Amino acid sequence: MKRLLTVALTVIVALTMTLGTSVCAYGASSKDALELEATTAILIDAKTGEILFSKNKDVQMAPASMTKIMTALLAIENLDMDTVVTIDDETPYTEGNIIYMHPGEKFTVEQLLKAMLVSSANDCAVALAKTMSGTVKDFANLMNGKAKELGAKNTNFVNPNGLDDKRHVSTAYDFAMIAKEAMKNETFREIVSMTSYTVPKTNKNKKRPLYTTNRLLSDKYNDIVVNGEYRKPYYKDAIGIKTGFTPVALGSLCAAAERNGTELISVVMHSSDFGRFADTIALFEYGFANYSTYTVYDKGEAVETIKVKGGKPDEVKTVTDYYAAVNLKKSESKDIVTKDIVWNDKIVAPIAKGTVVGQVKLYKNKKLVTTTNIVTADKVEEGMFSFLYNGHVAYPGKLALLIAAIVLVLIAIVLVIIRIVNRRKRMKQRQRQAMKIARERKYGHR
């Protein structure tokens, strides 16, 4: 009996230890390390791009519906929100999560964007891709070009929605860079923070209520385990952005959160359905506990007024085009941060509003960590004499009149000078003649 009791107790202890280990690893965090369920992960400062934590950040994985971040960014950049899209015969048969479109149904770009980002509608992604590029294949080329532009190193897109394809791959690092750019756009930020959206009635269907797939924004009912404790997926500091789940990719999540001026972006890939939310919360808690963002210039903050050669007016105000900020460990002082403002060598009119004219360079312990562009706050037109600096005559008619006036003035001055010279000559001749006559009279009377 004692032996049986001992064996039973041993089994119970072993099971308890096993379960306890599993709980701690499921979204566990500490100051020195993070144990995550996800195969790959990254945490960055959204304003500076500095990496605060990474796990296999450059390993290629299937990104699933996180792909729609890129689709949305390109749609916002290339399409008018009010443009009406008529659905073709193929798009309604897109696989996976859809809003059940009909051929010939009409949507605005804004409606498609919101349905795609809020409820992860694959058919909406295809509709947007075809509107921009004609075909999914051509749109994938556009996606890949943009990804490289944003600093993605190991990404290859073949579709706009993230449906499984062995050629459709990315990394945690690459998606952090893509998300960082997307979150600069106010339209994108607004949509990815929405917890629900109702597609209005269309020419083919009734209105459709949709709900977010991002549990960080709304789920106060289910339980997950973070740092060994049960809690809800809802995270009050979360501000977006996009989930992903397929049989191959498993659970993925690109998310953003903001607290006390510090904004973080995390990416987890190849986790479980609920594990991706636990992993993300663990990352955010780690980031907020150990780091903060020191902002030297806010987005759009005034820098200096600079001179513009050949401009009308000849000076213009400048602002930062994004945050000029540095991420600091909680133990680090702001005193280790220094700045240097570098202006372009040639600042010549005409200049459009938003033209890059310089940079704010921020250093941490004398090491360059981030660079932010300085842009013009207004446009500057060419002045009358801009051709002296750029070789271009801004006002040919006015310039011709000015040159004619200058020529006339010069002619008048020359005529005056000639007249004065001739007058002086005549006076000298008269003086000489008078002196001659005087001498003749004087000597002639002797």
# chains A, B, ... in the order shown; residues from 1 in each chain; ligands from 1
call {"tool": "residues_around", "arguments": {"residues": "stretch 356-362 of chain A", "least_positions_apart": "2", "cutoff": "6 Å", "atoms": "only C-alpha atoms", "output": "PyMOL selection string"}}
result
chain A and resi 338-344+368+370-375
call {"tool": "write_last_selection", "arguments": {"atoms": "C-alpha atoms", "output": "compact mmCIF listing (two decimals), in the first residue's frame"}}
result
# COMPACT_ATOMS: atom_id res chain seq x y z
CA THR A 338 22.86 64.00 -28.68
CA LYS A 339 21.53 65.45 -31.93
CA ASP A 340 23.00 66.89 -35.10
CA ILE A 341 21.03 68.79 -37.74
CA VAL A 342 22.42 68.47 -41.26
CA TRP A 343 21.06 70.62 -44.09
CA ASN A 344 21.23 69.83 -47.81
CA LEU A 368 24.25 57.07 -34.67
CA THR A 370 18.33 57.00 -36.03
CA THR A 371 17.88 59.57 -38.78
CA THR A 372 14.72 61.59 -39.43
CA ASN A 373 14.08 63.74 -42.50
CA ILE A 374 13.42 67.47 -42.23
CA VAL A 375 10.91 68.74 -44.80
call {"tool": "select_by_dssp", "arguments": {"residues": "stretch 22-264 of chain A", "states": "strand (DSSP E or B)", "output": "VMD selection string"}}
result
chain A and resid 28 to 29 34 to 35 40 to 45 51 to 55 61 84 to 86 106 to 108 156 169 to 170 196 to 199 208 to 211 224 to 226 229 to 231 238 to 246 250 to 259 262 to 264
call {"tool": "write_last_selection", "arguments": {"atoms": "C-alpha atoms", "output": "mmCIF file, in the first residue's frame"}}
result
data_model
loop_
_atom_site.group_PDB
_atom_site.id
_atom_site.type_symbol
_atom_site.label_atom_id
_atom_site.label_comp_id
_atom_site.auth_asym_id
_atom_site.auth_seq_id
_atom_site.Cartn_x
_atom_site.Cartn_y
_atom_site.Cartn_z
ATOM 1 C CA ALA A 28 6.505 33.872 -20.123
ATOM 2 C CA SER A 29 8.799 36.865 -19.801
ATOM 3 C CA LEU A 34 11.496 35.639 -23.151
ATOM 4 C CA GLU A 35 10.133 32.121 -23.590
ATOM 5 C CA THR A 40 9.871 33.327 -34.610
ATOM 6 C CA ALA A 41 9.248 36.695 -32.996
ATOM 7 C CA ILE A 42 10.448 40.277 -32.767
ATOM 8 C CA LEU A 43 9.725 43.406 -30.730
ATOM 9 C CA ILE A 44 10.710 46.858 -31.992
ATOM 10 C CA ASP A 45 10.230 50.480 -31.035
ATOM 11 C CA ILE A 51 15.044 45.916 -31.993
ATOM 12 C CA LEU A 52 14.263 45.261 -28.329
ATOM 13 C CA PHE A 53 13.881 41.482 -28.557
ATOM 14 C CA SER A 54 14.105 38.848 -31.285
ATOM 15 C CA LYS A 55 13.816 35.118 -31.721
ATOM 16 C CA MET A 61 7.775 31.395 -42.400
ATOM 17 C CA VAL A 84 -16.138 52.144 -56.759
ATOM 18 C CA VAL A 85 -14.964 48.579 -57.440
ATOM 19 C CA THR A 86 -17.160 46.166 -59.400
ATOM 20 C CA LYS A 106 -20.146 47.147 -56.078
ATOM 21 C CA PHE A 107 -17.998 48.314 -53.154
ATOM 22 C CA THR A 108 -15.910 51.383 -52.465
ATOM 23 C CA ASN A 156 8.411 36.882 -51.310
ATOM 24 C CA VAL A 169 7.138 33.574 -47.257
ATOM 25 C CA SER A 170 8.386 36.314 -44.972
ATOM 26 C CA SER A 196 -16.167 45.958 -35.725
ATOM 27 C CA TYR A 197 -17.413 47.214 -39.074
ATOM 28 C CA THR A 198 -20.705 46.900 -40.921
ATOM 29 C CA VAL A 199 -20.507 46.712 -44.689
ATOM 30 C CA ARG A 208 -23.019 42.724 -43.266
ATOM 31 C CA PRO A 209 -21.754 43.144 -39.690
ATOM 32 C CA LEU A 210 -18.099 42.138 -39.256
ATOM 33 C CA TYR A 211 -15.955 41.765 -36.145
ATOM 34 C CA ILE A 224 -4.934 32.745 -21.899
ATOM 35 C CA VAL A 225 -1.832 32.221 -19.772
ATOM 36 C CA VAL A 226 0.756 35.010 -19.669
ATOM 37 C CA GLU A 229 -1.084 33.768 -14.835
ATOM 38 C CA TYR A 230 -4.521 33.468 -16.398
ATOM 39 C CA ARG A 231 -5.812 36.618 -18.029
ATOM 40 C CA ALA A 238 -3.280 47.664 -27.985
ATOM 41 C CA ILE A 239 -3.889 49.850 -31.057
ATOM 42 C CA GLY A 240 -3.914 47.213 -33.884
ATOM 43 C CA ILE A 241 -2.859 45.683 -36.286
ATOM 44 C CA LYS A 242 -3.357 42.269 -38.091
ATOM 45 C CA THR A 243 -3.825 38.584 -37.312
ATOM 46 C CA GLY A 244 -3.027 35.547 -39.439
ATOM 47 C CA PHE A 245 -3.899 31.851 -39.303
ATOM 48 C CA THR A 246 -3.688 29.021 -41.844
ATOM 49 C CA LEU A 250 -0.525 28.346 -37.770
ATOM 50 C CA GLY A 251 -1.104 31.386 -35.553
ATOM 51 C CA SER A 252 0.633 34.650 -36.406
ATOM 52 C CA LEU A 253 0.069 38.180 -35.193
ATOM 53 C CA CYS A 254 1.548 41.560 -35.952
ATOM 54 C CA ALA A 255 0.448 43.948 -33.209
ATOM 55 C CA ALA A 256 1.058 47.453 -31.895
ATOM 56 C CA ALA A 257 0.588 48.981 -28.460
ATOM 57 C CA GLU A 258 1.185 52.441 -26.980
ATOM 58 C CA ARG A 259 1.817 53.480 -23.390
ATOM 59 C CA THR A 262 6.255 54.626 -26.108
ATOM 60 C CA GLU A 263 4.858 52.714 -29.079
ATOM 61 C CA LEU A 264 5.881 49.110 -29.695
#
call {"tool": "residues_around", "arguments": {"residues": "stretch 213-216 of chain A", "least_positions_apart": "6", "cutoff": "6 Å", "atoms": "only C-alpha atoms", "output": "VMD selection string"}}
result
chain A and resid 119 233 to 235 243
call {"tool": "write_last_selection", "arguments": {"atoms": "C-alpha atoms", "output": "compact mmCIF listing (two decimals), in the first residue's frame"}}
result
# COMPACT_ATOMS: atom_id res chain seq x y z
CA SER A 119 -12.50 40.60 -40.44
CA PRO A 233 -6.60 38.42 -24.38
CA TYR A 234 -7.88 42.01 -24.29
CA TYR A 235 -4.94 44.39 -23.88
CA THR A 243 -3.83 38.58 -37.31
call {"tool": "atom_distance", "arguments": {"atom1": "atom CA of A:Ile99", "atom2": "atom CA of A:Leu117"}}
result
12.1 Å
call {"tool": "atom_distance", "arguments": {"atom1": "atom CA of A:Glu381", "atom2": "atom CA of A:Glu186"}}
result
29.0 Å
call {"tool": "select_by_dssp", "arguments": {"residues": "stretch 148-359 of chain A", "states": "helix (DSSP H, G or I)", "output": "PyMOL selection string"}}
result
chain A and resi 148-149+172-182+186-192+215-218+275-290+334-336
call {"tool": "residues_around", "arguments": {"residues": "A:Met143", "least_positions_apart": "5", "cutoff": "12 Å", "atoms": "only C-alpha atoms", "output": "list of chain:residue names"}}
result
A:Thr67, A:Lys68, A:Ile69, A:Met70, A:Thr71, A:Ala72, A:Leu73, A:Leu74, A:Ala75, A:Ala129, A:Met132, A:Ser133, A:Val136, A:Lys137, A:Asp138, A:Lys148, A:Glu149, A:Leu150, A:Ala152, A:Thr155, A:Asn156, A:Phe157, A:Val158, A:Asn159, A:Pro160, A:Asn161, A:His168, A:Ile178
call {"tool": "atom_distance", "arguments": {"atom1": "atom CA of A:Glu50", "atom2": "atom CA of A:Asn185"}}
result
19.4 Å
call {"tool": "residues_around", "arguments": {"residues": "stretch 297-303 of chain A", "least_positions_apart": "5", "cutoff": "6 Å", "atoms": "only C-alpha atoms", "output": "PyMOL selection string"}}
result
chain A and resi 318-324
